[in-house]
Structure formats: structure tokens, C-alpha cells
$ cat start12.txt   # compact mmCIF, C-alpha atoms
# COMPACT_ATOMS: atom_id res chain seq x y z
CA MET A 1 1.93 -25.85 0.83
CA MET A 2 -1.34 -27.79 0.76
CA ALA A 3 -0.89 -28.72 4.41
CA SER A 4 -0.81 -25.09 5.51
CA CYS A 5 -3.93 -22.97 5.59
CA ARG A 6 -3.91 -20.18 3.10
CA ALA A 7 -4.32 -16.70 4.48
CA THR A 8 -7.51 -16.20 2.52
CA LEU A 9 -9.16 -19.25 4.06
CA TRP A 10 -8.11 -18.17 7.53
CA VAL A 11 -9.74 -14.80 6.95
CA LEU A 12 -12.97 -16.39 5.75
CA ALA A 13 -13.08 -18.84 8.65
CA ALA A 14 -12.70 -16.05 11.16
CA LEU A 15 -15.30 -13.91 9.41
CA ALA A 16 -17.73 -16.81 9.22
CA MET A 17 -17.59 -17.32 12.99
CA MET A 18 -18.22 -13.64 13.61
CA HIS A 19 -20.99 -13.57 11.04
CA HIS A 20 -22.94 -16.42 12.64
CA ALA A 21 -22.57 -14.77 16.03
CA ALA A 22 -23.82 -11.42 14.73
CA GLY A 23 -26.85 -12.54 12.72
CA PHE A 24 -28.65 -10.40 10.13
CA MET A 25 -31.38 -7.83 9.90
CA SER A 26 -33.93 -7.85 7.12
CA PRO A 27 -32.54 -6.72 3.72
CA ALA A 28 -35.75 -4.78 3.23
CA ALA A 29 -34.49 -2.28 5.77
CA GLY A 30 -31.68 -1.15 3.45
CA PRO A 31 -31.39 2.66 3.06
CA GLY A 32 -29.55 4.75 0.44
CA LEU A 33 -25.79 5.01 0.02
CA ARG A 34 -25.33 7.90 2.45
CA SER A 35 -27.84 6.84 5.12
CA VAL A 36 -26.54 6.94 8.65
CA ARG A 37 -27.70 3.46 9.76
CA ALA A 38 -26.63 4.39 13.30
CA ALA A 39 -28.60 1.81 15.26
CA GLY A 40 -27.33 -1.18 13.30
CA ARG A 41 -23.77 0.08 13.45
CA ARG A 42 -23.80 0.53 17.22
CA GLN A 43 -25.02 -3.05 17.64
CA ALA A 44 -22.21 -4.26 15.35
CA THR A 45 -19.32 -2.41 17.02
CA ALA A 46 -18.19 -5.27 19.26
CA VAL A 47 -18.40 -7.82 16.46
CA ARG A 48 -16.53 -5.57 14.04
CA SER A 49 -13.72 -5.07 16.55
CA GLY A 50 -13.35 -8.83 16.94
CA ARG A 51 -13.36 -9.35 13.17
CA VAL A 52 -10.66 -6.76 12.53
CA ALA A 53 -8.52 -8.18 15.35
CA ALA A 54 -8.86 -11.65 13.84
CA LEU A 55 -7.87 -10.35 10.40
CA ARG A 56 -4.79 -8.72 11.88
CA MET A 57 -3.76 -11.96 13.58
CA MET A 58 -4.15 -13.89 10.35
CA SER A 59 -2.04 -11.42 8.37
CA GLU A 60 1.01 -12.39 10.38
CA GLY A 61 0.58 -16.05 9.56
CA ALA A 62 0.27 -15.24 5.88
CA VAL A 63 3.90 -14.26 5.37
CA GLU A 64 4.97 -17.74 4.29
CA ASP A 65 2.14 -18.05 1.77
CA SER A 66 2.79 -14.55 0.42
CA ALA A 67 6.47 -15.29 -0.14
CA GLU A 68 5.57 -18.54 -1.86
CA ALA A 69 3.09 -16.72 -4.08
CA ALA A 70 5.70 -14.14 -5.03
CA THR A 71 8.21 -16.85 -5.93
CA ALA A 72 5.62 -18.66 -8.05
CA GLY A 73 4.76 -15.42 -9.86
CA GLU A 74 8.37 -14.65 -10.63
CA SER A 75 9.12 -18.14 -11.91
CA SER A 76 6.14 -18.08 -14.27
CA GLY A 77 7.58 -15.14 -16.19
CA LYS A 78 5.85 -11.94 -17.27
CA LYS A 79 3.70 -12.10 -20.37
CA VAL A 80 4.49 -9.73 -23.19
CA ARG A 81 1.37 -7.89 -24.33
CA PRO A 82 1.31 -6.01 -27.65
CA ALA A 83 1.09 -2.23 -27.33
CA LEU A 84 -2.16 -0.48 -28.16
CA THR A 85 -2.27 0.77 -31.74
CA ALA A 86 -2.90 4.40 -32.67
CA GLU A 87 -6.35 3.39 -33.92
CA GLN A 88 -7.19 1.69 -30.62
CA LEU A 89 -6.04 4.70 -28.64
CA GLU A 90 -8.17 6.97 -30.80
CA ARG A 91 -11.46 5.06 -30.57
CA GLY A 92 -10.99 3.87 -26.99
CA PRO A 93 -12.19 0.67 -25.32
CA GLY A 94 -15.83 1.25 -26.24
CA ILE A 95 -18.79 0.81 -23.92
CA PRO A 96 -20.39 -2.54 -23.08
CA THR A 97 -24.05 -3.09 -23.87
CA THR A 98 -24.52 -6.28 -21.83
CA GLU A 99 -23.50 -7.48 -18.38
CA ASN A 100 -21.42 -10.30 -19.85
CA GLU A 101 -19.53 -7.92 -22.13
CA MET A 102 -18.87 -5.53 -19.23
CA VAL A 103 -17.53 -8.29 -16.98
CA GLY A 104 -15.37 -9.59 -19.82
CA LYS A 105 -13.79 -6.17 -20.45
CA ALA A 106 -13.18 -5.70 -16.73
CA ALA A 107 -11.54 -9.13 -16.43
CA GLU A 108 -9.21 -8.33 -19.33
CA ALA A 109 -8.30 -5.00 -17.72
CA ALA A 110 -7.69 -6.61 -14.31
CA THR A 111 -5.52 -9.33 -15.81
CA ALA A 112 -3.45 -6.88 -17.87
CA ALA A 113 -2.93 -4.61 -14.87
CA PHE A 114 -1.97 -7.50 -12.61
CA GLU A 115 0.58 -8.70 -15.16
CA ASP A 116 2.03 -5.18 -15.05
CA GLY A 117 2.40 -5.35 -11.28
CA ILE A 118 -0.80 -3.59 -10.16
CA THR A 119 -2.05 -5.86 -7.38
CA ARG A 120 -4.54 -3.44 -5.77
CA GLN A 121 -7.33 -2.45 -8.14
CA LYS A 122 -10.54 -0.44 -7.89
CA MET A 123 -13.45 -0.90 -10.29
CA ARG A 124 -16.88 0.62 -10.80
CA PHE A 125 -19.67 -1.05 -12.75
CA LEU A 126 -23.09 -0.20 -14.00
CA LEU A 127 -25.53 -2.70 -12.53
CA PRO A 128 -28.29 -4.72 -14.23
CA ARG A 129 -31.80 -3.47 -13.51
CA GLU A 130 -34.72 -5.03 -15.35
CA GLY A 131 -32.23 -6.38 -17.87
CA VAL A 132 -30.56 -3.01 -18.57
CA LEU A 133 -27.17 -1.79 -17.32
CA SER A 134 -28.03 1.18 -15.12
CA PRO A 135 -26.13 3.79 -13.08
CA THR A 136 -25.84 3.29 -9.32
CA ASP A 137 -27.68 6.48 -8.39
CA GLU A 138 -30.45 7.30 -5.94
CA ASP A 139 -33.19 5.97 -8.26
CA TRP A 140 -32.93 2.42 -6.90
CA PRO A 141 -35.99 2.10 -4.59
CA GLY A 142 -34.34 -0.60 -2.47
CA GLY A 143 -31.32 1.58 -1.73
CA ILE A 144 -27.96 0.07 -0.95
CA MET A 145 -29.30 -3.45 -0.45
CA GLN A 146 -30.88 -3.56 -3.91
CA LEU A 147 -27.56 -2.39 -5.32
CA TYR A 148 -25.78 -5.09 -3.31
CA TYR A 149 -27.98 -7.88 -4.68
CA ALA A 150 -27.13 -6.68 -8.19
CA CYS A 151 -23.41 -6.11 -7.53
CA SER A 152 -22.56 -9.30 -5.64
CA PRO A 153 -23.25 -11.70 -8.57
CA ILE A 154 -21.19 -9.48 -10.86
CA THR A 155 -18.29 -9.61 -8.39
CA ARG A 156 -18.43 -13.40 -8.38
CA ALA A 157 -18.62 -13.54 -12.18
CA LEU A 158 -15.61 -11.23 -12.42
CA LEU A 159 -13.50 -13.44 -10.13
CA ARG A 160 -14.46 -16.52 -12.12
CA ARG A 161 -13.58 -14.79 -15.37
CA ILE A 162 -10.20 -13.52 -14.11
CA SER A 163 -9.21 -16.93 -12.75
CA SER A 164 -10.23 -18.66 -15.98
CA THR A 165 -8.09 -16.29 -18.07
CA ALA A 166 -5.11 -17.47 -16.02
CA GLY A 167 -5.48 -20.87 -17.66
CA GLY A 168 -7.77 -22.55 -15.12
CA LEU A 169 -11.43 -23.48 -15.17
CA GLY A 170 -12.40 -20.70 -12.82
CA ALA A 171 -11.57 -20.65 -9.14
CA LYS A 172 -13.91 -21.72 -6.36
CA CYS A 173 -15.54 -18.54 -5.06
CA THR A 174 -16.95 -17.96 -1.58
CA GLU A 175 -18.62 -14.88 -0.11
CA GLN A 176 -18.65 -13.53 3.44
CA ARG A 177 -20.92 -10.66 4.45
CA LEU A 178 -19.06 -7.94 6.34
CA ASP A 179 -22.06 -5.88 7.42
CA GLU A 180 -23.05 -7.44 10.73
CA SER A 181 -26.22 -5.36 10.84
CA GLY A 182 -27.24 -6.82 7.48
CA VAL A 183 -28.23 -3.47 5.97
CA ASP A 184 -24.95 -2.00 4.67
CA GLY A 185 -24.56 -4.25 1.63
CA VAL A 186 -20.84 -5.05 2.06
CA SER A 187 -19.14 -8.40 1.47
CA LEU A 188 -15.79 -10.05 0.79
CA TRP A 189 -15.55 -12.47 -2.11
CA THR A 190 -12.56 -14.83 -2.23
CA ALA A 191 -11.45 -16.96 -5.18
CA GLN A 192 -9.27 -19.94 -4.28
CA ALA A 193 -7.34 -20.95 -7.39
CA GLU A 194 -5.28 -24.07 -8.10
CA ARG A 195 -2.12 -22.09 -7.37
CA ALA A 196 -1.84 -19.92 -4.26
CA ALA A 197 -0.33 -17.10 -6.32
CA ASN A 198 -3.63 -16.79 -8.24
CA ASP A 199 -5.93 -16.42 -5.21
CA ILE A 200 -8.04 -13.26 -5.41
CA SER A 201 -9.94 -11.19 -2.86
CA ALA A 202 -12.68 -8.74 -3.86
CA PHE A 203 -14.58 -6.33 -1.62
CA CYS A 204 -18.13 -5.79 -2.89
CA GLN A 205 -19.43 -2.27 -2.13
CA PRO A 206 -16.94 -1.46 0.66
CA ASP A 207 -17.70 1.60 2.78
CA GLY A 208 -15.60 3.74 5.09
CA GLU A 209 -16.16 1.39 8.02
CA THR A 210 -14.71 -1.49 6.01
CA MET A 211 -11.26 0.09 5.65
CA GLU A 212 -9.68 -1.74 8.60
CA SER A 213 -10.73 -5.04 7.04
CA VAL A 214 -9.41 -3.91 3.66
CA GLN A 215 -6.06 -3.03 5.21
CA ALA A 216 -5.83 -6.39 6.98
CA VAL A 217 -6.68 -8.38 3.83
CA CYS A 218 -4.22 -6.35 1.74
CA LYS A 219 -1.49 -7.13 4.26
CA SER A 220 -2.23 -10.86 4.25
CA ALA A 221 -2.60 -11.00 0.46
CA GLY A 222 0.93 -9.85 -0.24
CA PRO A 223 1.47 -9.96 -4.03
CA ARG A 224 -1.96 -11.49 -4.67
CA LEU A 225 -4.73 -9.51 -6.36
CA VAL A 226 -7.16 -7.51 -4.19
CA LEU A 227 -10.11 -5.73 -5.78
CA MET A 228 -12.60 -3.11 -4.68
CA ILE A 229 -15.90 -3.23 -6.57
CA ASN A 230 -18.32 -0.26 -6.50
CA PRO A 231 -17.14 1.44 -3.31
CA GLN A 232 -19.84 3.35 -1.43
CA TRP A 233 -18.09 6.71 -1.69
CA ARG A 234 -18.08 9.26 -4.46
CA GLU A 235 -15.24 9.72 -6.92
CA THR A 236 -15.77 13.49 -6.85
CA MET A 237 -15.70 15.78 -3.82
CA ASP A 238 -18.66 17.69 -2.39
CA SER A 239 -18.79 20.44 0.24
CA TYR A 240 -18.33 17.92 3.06
CA ASP A 241 -15.18 16.59 1.41
CA GLU A 242 -13.84 20.11 0.92
CA LEU A 243 -14.42 20.75 4.62
CA GLY A 244 -12.85 17.39 5.49
CA ASN A 245 -9.65 18.44 3.73
CA LYS A 246 -9.11 21.22 6.26
CA GLU A 247 -6.87 20.85 9.28
CA GLY A 248 -7.98 20.41 12.87
CA LEU A 249 -11.54 20.63 14.17
CA LEU A 250 -13.09 21.81 10.91
CA GLY A 251 -11.64 18.86 9.02
CA ALA A 252 -12.83 16.41 11.66
CA PHE A 253 -16.30 17.99 11.55
CA GLY A 254 -16.45 17.67 7.76
CA ARG A 255 -15.51 14.00 7.90
CA PHE A 256 -18.08 13.42 10.64
CA LEU A 257 -20.79 14.94 8.46
CA GLY A 258 -20.08 12.47 5.69
CA GLY A 259 -16.91 13.61 3.98
CA THR A 260 -14.97 10.77 2.36
CA THR A 261 -11.56 12.45 2.10
CA GLY A 262 -10.03 10.20 4.76
CA THR A 263 -11.33 7.04 3.13
CA ARG A 264 -10.05 7.99 -0.32
CA GLN A 265 -6.67 8.85 1.17
CA ALA A 266 -6.47 5.46 2.92
CA VAL A 267 -7.32 3.71 -0.36
CA ALA A 268 -4.60 5.62 -2.18
CA GLU A 269 -2.04 4.77 0.50
CA LEU A 270 -2.81 1.07 0.01
CA GLY A 271 -1.88 1.47 -3.65
CA PHE A 272 -5.30 0.95 -5.27
CA LYS A 273 -5.47 2.02 -8.91
CA ASP A 274 -8.50 2.50 -11.18
CA THR A 275 -8.35 -0.28 -13.76
CA TYR A 276 -11.96 -0.46 -14.99
CA MET A 277 -14.44 2.32 -14.36
CA ILE A 278 -17.74 2.91 -16.15
CA GLN A 279 -20.29 5.47 -15.02
CA GLU A 280 -23.33 7.11 -16.58
CA PHE A 281 -24.62 10.69 -16.48
CA VAL A 282 -27.29 12.74 -18.19
CA VAL A 283 -25.71 15.76 -19.90
CA ARG A 284 -27.82 18.27 -21.85
CA GLY A 285 -30.57 15.65 -21.95
CA ASP A 286 -28.42 12.86 -23.45
CA ASP A 287 -27.28 9.72 -21.63
CA CYS A 288 -23.48 9.66 -21.54
CA ARG A 289 -21.06 7.06 -20.25
CA ILE A 290 -17.45 7.61 -19.23
CA VAL A 291 -14.98 4.73 -19.28
CA LYS A 292 -11.49 4.13 -17.93
CA CYS A 293 -10.09 0.75 -18.98
CA TYR A 294 -6.55 -0.44 -18.38
CA PRO A 295 -4.16 -0.27 -20.26
CA TYR A 296 -5.75 2.72 -22.05
CA PRO A 297 -4.14 5.83 -20.51
CA ASP A 298 -7.15 8.13 -20.96
CA TRP A 299 -10.78 8.44 -19.95
CA TYR A 300 -13.29 8.23 -22.82
CA ALA A 301 -16.79 9.72 -23.03
CA TYR A 302 -19.49 8.12 -25.19
CA THR A 303 -23.12 8.77 -26.03
CA THR A 304 -25.61 7.66 -28.68
CA ASP A 305 -26.81 9.76 -31.59
CA ASP A 306 -30.47 10.10 -32.58
CA SER A 307 -30.32 6.83 -34.53
CA GLY A 308 -29.04 4.90 -31.51
CA LYS A 309 -25.46 4.58 -32.77
CA ILE A 310 -22.72 4.75 -30.13
CA VAL A 311 -20.60 7.88 -30.61
CA LEU A 312 -17.26 8.80 -29.06
CA LEU A 313 -17.55 12.35 -27.71
CA GLY A 314 -13.94 12.74 -26.68
CA LYS A 315 -11.15 11.65 -24.37
CA GLN A 316 -8.95 13.24 -21.72
CA THR A 317 -6.37 12.30 -19.11
CA ASP A 318 -8.48 13.20 -16.08
CA ARG A 319 -11.91 11.86 -15.19
CA PRO A 320 -14.41 13.91 -17.27
CA THR A 321 -16.76 16.17 -15.34
CA TRP A 322 -20.28 17.12 -16.37
CA GLN A 323 -18.90 20.37 -17.74
CA ASN A 324 -16.17 18.57 -19.70
CA ILE A 325 -18.78 16.40 -21.40
CA SER A 326 -21.01 19.40 -22.11
CA ASP A 327 -18.04 21.09 -23.79
CA MET A 328 -17.52 17.97 -25.93
CA PHE A 329 -21.11 18.26 -27.18
CA GLU A 330 -20.52 21.94 -27.96
CA GLU A 331 -17.36 21.16 -29.92
CA LYS A 332 -19.28 18.68 -32.05
CA GLY A 333 -22.06 21.21 -32.64
CA VAL A 334 -24.73 18.99 -31.07
CA ALA A 335 -27.96 20.77 -30.17
CA MET A 336 -29.68 20.25 -26.82
CA LYS A 337 -31.83 17.12 -26.73
CA TRP A 338 -35.01 19.05 -26.00
CA ALA A 339 -34.36 21.21 -29.08
CA ARG A 340 -33.79 18.18 -31.29
CA ASP A 341 -36.91 16.49 -29.93
CA ALA A 342 -38.93 19.65 -30.65
CA GLY A 343 -37.64 19.76 -34.21
CA ILE A 344 -35.89 23.11 -33.80
CA GLY A 345 -32.41 21.65 -33.44
CA LYS A 346 -30.36 19.78 -36.01
CA GLU A 347 -30.52 16.00 -35.82
CA PHE A 348 -27.57 14.45 -34.06
CA SER A 349 -26.04 11.93 -36.46
CA ASP A 350 -22.53 10.52 -36.50
CA LYS A 351 -22.22 9.76 -40.20
$ encode --input "start12.txt" --output "C-alpha cells"
Amino acid sequence: MMASCRATLWVLAALAMMHHAAGFMSPAAGPGLRSVRAAGRRQATAVRSGRVAALRMMSEGAVEDSAEAATAGESSGKKVRPALTAEQLERGPGIPTTENEMVGKAAEAATAAFEDGITRQKMRFLLPREGVLSPTDEDWPGGIMQLYYACSPITRALLRRISSTAGGLGAKCTEQRLDESGVDGVSLWTAQAERAANDISAFCQPDGETMESVQAVCKSAGPRLVLMINPQWRETMDSYDELGNKEGLLGAFGRFLGGTTGTRQAVAELGFKDTYMIQEFVVRGDDCRIVKCYPYPDWYAYTTDDSGKIVLLGKQTDRPTWQNISDMFEEKGVAMKWARDAGIGKEFSDK
């Protein structure tokens, strides 16, 4: 086994050659998540085609390693994890207050899901900004590249944490940028563990144009773990997505305008499941965070009361919308934040 090149290393070697040939543009040029970036993409078309072709070629040579990884996984035996208690299911996984805590919870979720046979996982994180975990919205002045420089270290830390929970000291992690233009903020992290079965691939901020690479890596990975971290498409649909769902010319036009229906469908077909998701919204003036954490079956919504104490607003099977969270506030009889701040609304206290 040691004499043969692992599929992951082959992928990285091919990407590295393409990367050096393509060069980079200045990170300062990075736009927002939905910016067109047309000029850089046109320049990168030829390089991207070569990279995807190389990934496809490597996937064929990965069959032997994939079979070996599967055999190793089967022989190791499946761990028996105690079921969640009624109390745990009621209070939920909680929300992290630090980057280290967030990465730790995500690593536990990824490991539990992988042990249960979920080898394709999607995760969303809040990102550290001036020492505070913050939502990945349009308020980041550096756009997608500022988000990338915050997300990439978290991706590496996650891979190290997952590999260490498998009984090792943390796998050797390497990163390869996938945005040849240097302004899209996309990369592939690979963790090479002591055992081939424990190798991990993680796409940092993949976008729609990365999907061919994702498909090629998933094929070569076989039963190994493949992660998507903070994809650059929305979890909810907008008018472009609604249009993109239509048949024929209208659907094609909607996808051209920025609809992400096709990308989300491709991700679903590859078998990706949400195993750790945390996002933040402002609802009725209060900061709220929603969390999905494997193996918890539900989504949980949290906020803080007027004393700063973390409060569980509610839980539901589907991803909570803004309106769902607003209804949770109503059910608890919580006044609008502006009314509380003005002294005309009752103080929000979870006593």
C-alpha cells in the first residue's frame, strides 16, 4: 500500500502543477459572494478544464485504494454510540461561544456521522472576526477573500481535530487553491492519515464552478470522508432559484442569472448531508442562531435574554425561517427589542 500513490496525493500533485501554471491575482481584488468575476473566470477556463480532466484520470487509479480503505473500515468494526437522552434532545446541542468550541462540536458531529456511514458531509460555520464568531453576510468589507482567509484555518483545524479523534495525533494537512484567478476564495484541503481509510478531503468555500472537481474527488475518495465547508450558495431559494426550477429556456435563464438550483441538486445527488450547520440572523432586533448538529434530528434556535443568558427558543424538523423564529418569540411572549430598550416592553428573562 505504501508503494502506491494514494488518490488524494495524486489529486494534489495534479492541482499543484495547474496552480503554478495559472498564478494568482491579488487577494485585495476579492468581491462579494455573488459577484460575477467574469474576467478572472475567462482567463481560468483552460486551466480549469485541464484540472478537471486530471482529476477524472486520477479517480480511475483510485479504485484499489478505495477498496483497501473499505476493507480496513469494515475490519475495524463499528463503534456503538449511546443514544441521545430525552434531556439532550430537549435542550439541543447548544451554541458555541468560541472558535475552538465550534470546531470541536463540528468534529464530534462529523465523526459520529461518518461512523454511521455518512461519508459526504456539508457544514456551515460562523467565522471569527475581530475575535468574535460572526455570520458570513455582506458586512465583510473584503468580500469573499476576507471570508476565505477566515474559513481556511478553520477547515484545517477541523481536519486535524477529526483525525485526532480517530486515535491519531492529527493528520498531515495540505491545501491547494482551486480558484486559478485568485479571487474566488476556493480551496481543497486534504488530510493524509496514518491509515488510508482515514484520509479526508475538505472543500473550503466551494462554488458552482467547483462542482466538477467535487464530483471527481468524491469518485476517487470512495468510502473516505469528503466535506464541504461554507459553500458559496444559499441554503434558501430566492426568485432566481424559483425561476431556475422551471423547465426549458426559463429555467436556464434563471440559472444563468445566479440561481443555485442546479448546484444544490448536484450536491444532493452526490449524497452530501448536513451534519453541522450554524447560522446567525437578526429577528425582531435580537441576534438568533440556528444549529443543526448530528446526531440530533432537529434544528434548534437560540438567542440571549436581556441578561446575556443563552436561551433555547424552540426546535423543529426543518431549517427554521425568519418567520419561524419570530413565531417562537411570540409564543414565549417576548416583546420587540426596541420596545424593551425603550422601557415600554417587559424585560426578556429566562428565569
$ atom_distance --input "start12.txt" --atom1 "CA of Lys346 in chain A" --atom2 "CA of Leu313 in chain A"
17.0 Å
$ atom_distance --input "start12.txt" --atom1 "CA of Gly345 in chain A" --atom2 "CA of Cys288 in chain A"
19.1 Å
$ residues_around --input "start12.txt" --residues "Ile200 in chain A" --least-positions-apart "5" --cutoff "6 Å" --atoms "all atoms listed in the file" --output "ChimeraX atom specification"
/A:190-191,225-226
$ write_last_selection --input "start12.txt" --atoms "C-alpha atoms" --output "PDB file, keeping the file's coordinate frame"
ATOM      1  CA  THR A 190     -12.560 -14.830  -2.230  1.00  0.00           C
ATOM      2  CA  ALA A 191     -11.450 -16.960  -5.180  1.00  0.00           C
ATOM      3  CA  LEU A 225      -4.730  -9.510  -6.360  1.00  0.00           C
ATOM      4  CA  VAL A 226      -7.160  -7.510  -4.190  1.00  0.00           C
TER       5      VAL A 226
END
$ closest_residue --input "start12.txt" --among "A:Asp207, A:Glu130, A:Glu115, A:Asp199" --to "Ile144 in chain A" --atoms "only C-alpha atoms"
A:Asp207
$ closest_residue --input "start12.txt" --among "A:Met145, A:Leu312, A:Ala171, A:Leu227" --to "Ile95 in chain A" --atoms "all atoms listed in the file"
A:Leu312
$ decode --input "start12.txt" --residues "range 139-204 of chain A" --atoms "C-alpha atoms" --output "PDB file, in the first residue's frame"
ATOM      1  CA  ASP A 139     -20.920  43.061   6.009  1.00  0.00           C
ATOM      2  CA  TRP A 140     -17.389  41.738   5.444  1.00  0.00           C
ATOM      3  CA  PRO A 141     -15.600  44.626   3.648  1.00  0.00           C
ATOM      4  CA  GLY A 142     -13.093  42.292   1.983  1.00  0.00           C
ATOM      5  CA  GLY A 143     -15.835  40.172   0.429  1.00  0.00           C
ATOM      6  CA  ILE A 144     -15.268  36.533  -0.391  1.00  0.00           C
ATOM      7  CA  MET A 145     -11.499  36.687   0.054  1.00  0.00           C
ATOM      8  CA  GLN A 146     -11.769  38.005   3.611  1.00  0.00           C
ATOM      9  CA  LEU A 147     -14.199  35.176   4.324  1.00  0.00           C
ATOM     10  CA  TYR A 148     -11.752  32.712   2.764  1.00  0.00           C
ATOM     11  CA  TYR A 149      -8.855  33.835   4.963  1.00  0.00           C
ATOM     12  CA  ALA A 150     -11.079  33.255   7.995  1.00  0.00           C
ATOM     13  CA  CYS A 151     -12.567  29.960   6.785  1.00  0.00           C
ATOM     14  CA  SER A 152      -9.421  28.201   5.558  1.00  0.00           C
ATOM     15  CA  PRO A 153      -7.722  27.960   9.001  1.00  0.00           C
ATOM     16  CA  ILE A 154     -10.962  26.621  10.489  1.00  0.00           C
ATOM     17  CA  THR A 155     -11.110  23.951   7.778  1.00  0.00           C
ATOM     18  CA  ARG A 156      -7.573  22.856   8.615  1.00  0.00           C
ATOM     19  CA  ALA A 157      -8.319  22.830  12.351  1.00  0.00           C
ATOM     20  CA  LEU A 158     -11.412  20.712  11.713  1.00  0.00           C
ATOM     21  CA  LEU A 159      -9.458  18.112   9.731  1.00  0.00           C
ATOM     22  CA  ARG A 160      -6.817  17.940  12.444  1.00  0.00           C
ATOM     23  CA  ARG A 161      -9.481  17.517  15.110  1.00  0.00           C
ATOM     24  CA  ILE A 162     -11.357  14.787  13.211  1.00  0.00           C
ATOM     25  CA  SER A 163      -8.183  12.815  12.525  1.00  0.00           C
ATOM     26  CA  SER A 164      -7.079  13.084  16.150  1.00  0.00           C
ATOM     27  CA  THR A 165     -10.418  11.730  17.398  1.00  0.00           C
ATOM     28  CA  ALA A 166      -9.728   8.622  15.317  1.00  0.00           C
ATOM     29  CA  GLY A 167      -6.884   7.804  17.692  1.00  0.00           C
ATOM     30  CA  GLY A 168      -4.024   9.531  15.876  1.00  0.00           C
ATOM     31  CA  LEU A 169      -2.075  12.693  16.564  1.00  0.00           C
ATOM     32  CA  GLY A 170      -3.767  14.612  13.793  1.00  0.00           C
ATOM     33  CA  ALA A 171      -3.160  14.007  10.122  1.00  0.00           C
ATOM     34  CA  LYS A 172      -0.777  15.995   7.947  1.00  0.00           C
ATOM     35  CA  CYS A 173      -2.889  18.617   6.181  1.00  0.00           C
ATOM     36  CA  THR A 174      -2.152  20.288   2.856  1.00  0.00           C
ATOM     37  CA  GLU A 175      -4.119  22.922   0.952  1.00  0.00           C
ATOM     38  CA  GLN A 176      -4.476  23.541  -2.777  1.00  0.00           C
ATOM     39  CA  ARG A 177      -6.185  26.655  -4.114  1.00  0.00           C
ATOM     40  CA  LEU A 178      -8.793  25.856  -6.763  1.00  0.00           C
ATOM     41  CA  ASP A 179      -9.513  29.409  -7.903  1.00  0.00           C
ATOM     42  CA  GLU A 180      -6.963  29.980 -10.648  1.00  0.00           C
ATOM     43  CA  SER A 181      -7.897  33.661 -10.826  1.00  0.00           C
ATOM     44  CA  GLY A 182      -7.063  34.007  -7.134  1.00  0.00           C
ATOM     45  CA  VAL A 183     -10.223  35.950  -6.291  1.00  0.00           C
ATOM     46  CA  ASP A 184     -12.890  33.273  -5.745  1.00  0.00           C
ATOM     47  CA  GLY A 185     -11.683  32.040  -2.351  1.00  0.00           C
ATOM     48  CA  VAL A 186     -11.962  28.289  -3.035  1.00  0.00           C
ATOM     49  CA  SER A 187      -9.541  25.577  -1.933  1.00  0.00           C
ATOM     50  CA  LEU A 188      -9.204  21.842  -1.312  1.00  0.00           C
ATOM     51  CA  TRP A 189      -7.757  20.707   2.000  1.00  0.00           C
ATOM     52  CA  THR A 190      -6.513  17.118   2.278  1.00  0.00           C
ATOM     53  CA  ALA A 191      -5.618  15.253   5.468  1.00  0.00           C
ATOM     54  CA  GLN A 192      -3.307  12.270   4.981  1.00  0.00           C
ATOM     55  CA  ALA A 193      -3.726   9.987   7.986  1.00  0.00           C
ATOM     56  CA  GLU A 194      -1.652   7.000   9.118  1.00  0.00           C
ATOM     57  CA  ARG A 195      -4.256   4.679   7.595  1.00  0.00           C
ATOM     58  CA  ALA A 196      -5.572   5.254   4.075  1.00  0.00           C
ATOM     59  CA  ALA A 197      -9.129   4.644   5.275  1.00  0.00           C
ATOM     60  CA  ASN A 198      -8.894   7.775   7.451  1.00  0.00           C
ATOM     61  CA  ASP A 199      -7.786  10.201   4.717  1.00  0.00           C
ATOM     62  CA  ILE A 200     -10.116  13.214   4.471  1.00  0.00           C
ATOM     63  CA  SER A 201     -10.817  15.790   1.768  1.00  0.00           C
ATOM     64  CA  ALA A 202     -12.488  19.121   2.525  1.00  0.00           C
ATOM     65  CA  PHE A 203     -13.583  21.795   0.060  1.00  0.00           C
ATOM     66  CA  CYS A 204     -13.323  25.265   1.591  1.00  0.00           C
TER      67      CYS A 204
END
